[in-house]
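As structure tokens, the structure follows; a few thoughts come after it.
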Amino acid sequence: MRLHFRPRPRADTFVPNSVALCYCLCHSHGKPSTVGESAGRLELVIPKPNAAEESAAKEIREMNRSTILTKLTVVIFTVLLFAVAGAAAGTETALKASDITSKIFPEQVFFRGQVAPVQMRNTGGVRFSDDMFVLAGMVDSSGYSTAIRQKYQAYFISEVPLEISGQKLPPGAYGIGFISGEKFILMDLGAHDLFQVDSSKDSGMKRPVPLQVVSSGGKYRLYAGRSFVEFARAQ
């Protein structure tokens, strides 16, 4: 007598609802049984799955695949969201005129008893990693006296303490200008001089503009044409 097993189908293919075990014991010279394939053999017969079982197994596989893809998508989205938020929050950069809008810099500013329009095309600044700003913009000073026009060229706003060429400057709004003798002057809103420092010339600048702020080795340069002073956030 021989014992013969047919291979069992994979478990993830279907879920069998029954197992038929057929014993066929016959003499080697007898007539083969109608249940088994031949005489003298013990045969284990596992029935094929029906349509309902195959459909259920397919649904389970699709549900598992869908669950894995959904979880993977959520993980990837979360990682990207934190990466973008972290990058945005931790960036310190110099700002161009195209970065500065009326939301952060007024289009008209008050200085020495009157309001004057800002030339928004001639603005610049710095946004620090903690989202604090230093901003500057050229003003139309045509309505002021000659004495003030000679000194007052731009409006300067800082949300943080600064150091400008060795001079400490607290947060606030100021009037600034580059004057004769290679000097930079800073005034309070009443047009009173707070300090003057030496300015420098950048003769290598190819395309000077009326006002801009440029990063320079951990510090920043405030330019008016080719003239500039360096400033940095005070510790």
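Order determines the names: the first chain of the structure tokens is A, the second B, and so forth; residues in each chain are numbered 1 upward, and ligands are numbered 1 upward as they are shown.
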Residues of range 94-181 of chain A classed as strand (DSSP E) by DSSP on the backbone are to be reported as a PyMOL selection string.
chain A and resi 94-95+108-111+114-127+133-139+154-158+162-164+167-169+172-179
Could you name the residues that touch Lys201 in chain A at 8 Å or less, counting only C-alpha atoms, but leaving out those on the same chain fewer than 6 positions away, as a PDB file with all heavy atoms, in the first residue's frame?
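Just written: out26.pdb:
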```
ATOM      1  N   ARG A 226      27.252 102.515  -4.809  1.00  0.00           N
ATOM      2  CA  ARG A 226      28.445 101.729  -4.452  1.00  0.00           C
ATOM      3  C   ARG A 226      28.877 101.936  -3.000  1.00  0.00           C
ATOM      4  O   ARG A 226      29.750 101.224  -2.505  1.00  0.00           O
ATOM      5  CB  ARG A 226      29.606 102.085  -5.388  1.00  0.00           C
ATOM      6  CG  ARG A 226      29.444 101.543  -6.807  1.00  0.00           C
ATOM      7  CD  ARG A 226      30.722 101.757  -7.625  1.00  0.00           C
ATOM      8  NE  ARG A 226      30.679 101.025  -8.878  1.00  0.00           N
ATOM      9  CZ  ARG A 226      30.151 101.498 -10.002  1.00  0.00           C
ATOM     10  NH1 ARG A 226      29.621 102.720 -10.004  1.00  0.00           N
ATOM     11  NH2 ARG A 226      30.154 100.776 -11.097  1.00  0.00           N
ATOM     12  N   SER A 227      28.285 102.888  -2.320  1.00  0.00           N
ATOM     13  CA  SER A 227      28.618 103.138  -0.919  1.00  0.00           C
ATOM     14  C   SER A 227      27.887 102.133  -0.034  1.00  0.00           C
ATOM     15  O   SER A 227      26.732 101.777  -0.297  1.00  0.00           O
ATOM     16  CB  SER A 227      28.218 104.562  -0.519  1.00  0.00           C
ATOM     17  OG  SER A 227      28.925 105.518  -1.287  1.00  0.00           O
ATOM     18  N   PHE A 228      28.558 101.702   1.044  1.00  0.00           N
ATOM     19  CA  PHE A 228      27.914 100.726   1.926  1.00  0.00           C
ATOM     20  C   PHE A 228      28.466 100.816   3.344  1.00  0.00           C
ATOM     21  O   PHE A 228      29.569 101.331   3.583  1.00  0.00           O
ATOM     22  CB  PHE A 228      28.096  99.298   1.396  1.00  0.00           C
ATOM     23  CG  PHE A 228      29.498  98.761   1.514  1.00  0.00           C
ATOM     24  CD1 PHE A 228      29.911  98.061   2.652  1.00  0.00           C
ATOM     25  CD2 PHE A 228      30.424  98.946   0.491  1.00  0.00           C
ATOM     26  CE1 PHE A 228      31.202  97.563   2.769  1.00  0.00           C
ATOM     27  CE2 PHE A 228      31.711  98.446   0.592  1.00  0.00           C
ATOM     28  CZ  PHE A 228      32.105  97.754   1.732  1.00  0.00           C
TER      29      PHE A 228
END
```
Check the smallest atom-to-atom distance from each of A:Val229, A:Val118, A:Leu186, A:Val160 to Asp131 in chain A using only C-alpha atoms, then report the winner.
A:Val160
Excluding same-chain residues fewer than 4 positions from Val209 in chain A, what lies within 9 Å of it counting only C-alpha atoms, as a ChimeraX atom specification?
/A:122,223-226
So that I have them on file, write out the residues from the current selection with N, CA and C atoms, as a PDB file, in the first residue's frame.
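File produced: again-v3.pdb:
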```
ATOM      1  N   ASN A 122      12.983 100.239  -4.524  1.00  0.00           N
ATOM      2  CA  ASN A 122      14.324 100.411  -3.955  1.00  0.00           C
ATOM      3  C   ASN A 122      14.283 100.103  -2.459  1.00  0.00           C
ATOM      4  N   TYR A 223      23.710  98.925   0.983  1.00  0.00           N
ATOM      5  CA  TYR A 223      24.275  99.705  -0.119  1.00  0.00           C
ATOM      6  C   TYR A 223      23.345 100.846  -0.515  1.00  0.00           C
ATOM      7  N   ALA A 224      23.973 101.971  -0.882  1.00  0.00           N
ATOM      8  CA  ALA A 224      23.318 103.042  -1.629  1.00  0.00           C
ATOM      9  C   ALA A 224      24.251 103.340  -2.792  1.00  0.00           C
ATOM     10  N   GLY A 225      23.909 102.830  -3.966  1.00  0.00           N
ATOM     11  CA  GLY A 225      24.861 102.878  -5.072  1.00  0.00           C
ATOM     12  C   GLY A 225      26.028 101.951  -4.764  1.00  0.00           C
ATOM     13  N   ARG A 226      27.252 102.515  -4.809  1.00  0.00           N
ATOM     14  CA  ARG A 226      28.445 101.729  -4.452  1.00  0.00           C
ATOM     15  C   ARG A 226      28.877 101.936  -3.000  1.00  0.00           C
TER      16      ARG A 226
END
```
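Close contacts of Phe231 in chain A, defined as residues with an atom at most 9 Å away when counting only C-alpha atoms, with chain neighbours fewer than 6 positions off set aside, comprise Leu162, Glu163, Ile164, Ser165, Gly166, Lys219, Tyr220, Arg221 and Leu222 of chain A.
For the residues A:Ala191, A:Val214, A:Leu95, A:Met63, ranking by smallest atom-to-atom distance to Ser145 in chain A using only C-alpha atoms places A:Ala191 first.
Between CA of Glu182 in chain A and CA of Gly113 in chain A the separation is 27.8 Å.
Nearest-residue note for Arg149 in chain A: choosing from A:Ala173, A:Ile179, A:Val115, A:Met132, the minimum distance belongs to A:Ile179, counting only C-alpha atoms.
CA of Gln235 in chain A sits 28.2 Å away from CA of Thr101 in chain A.
Counting only C-alpha atoms, Gly190 in chain A has the following residues at most 9 Å away, ignoring those fewer than 5 positions along the same chain: Phe111, Arg112, Gly113 and Gly175 of chain A.
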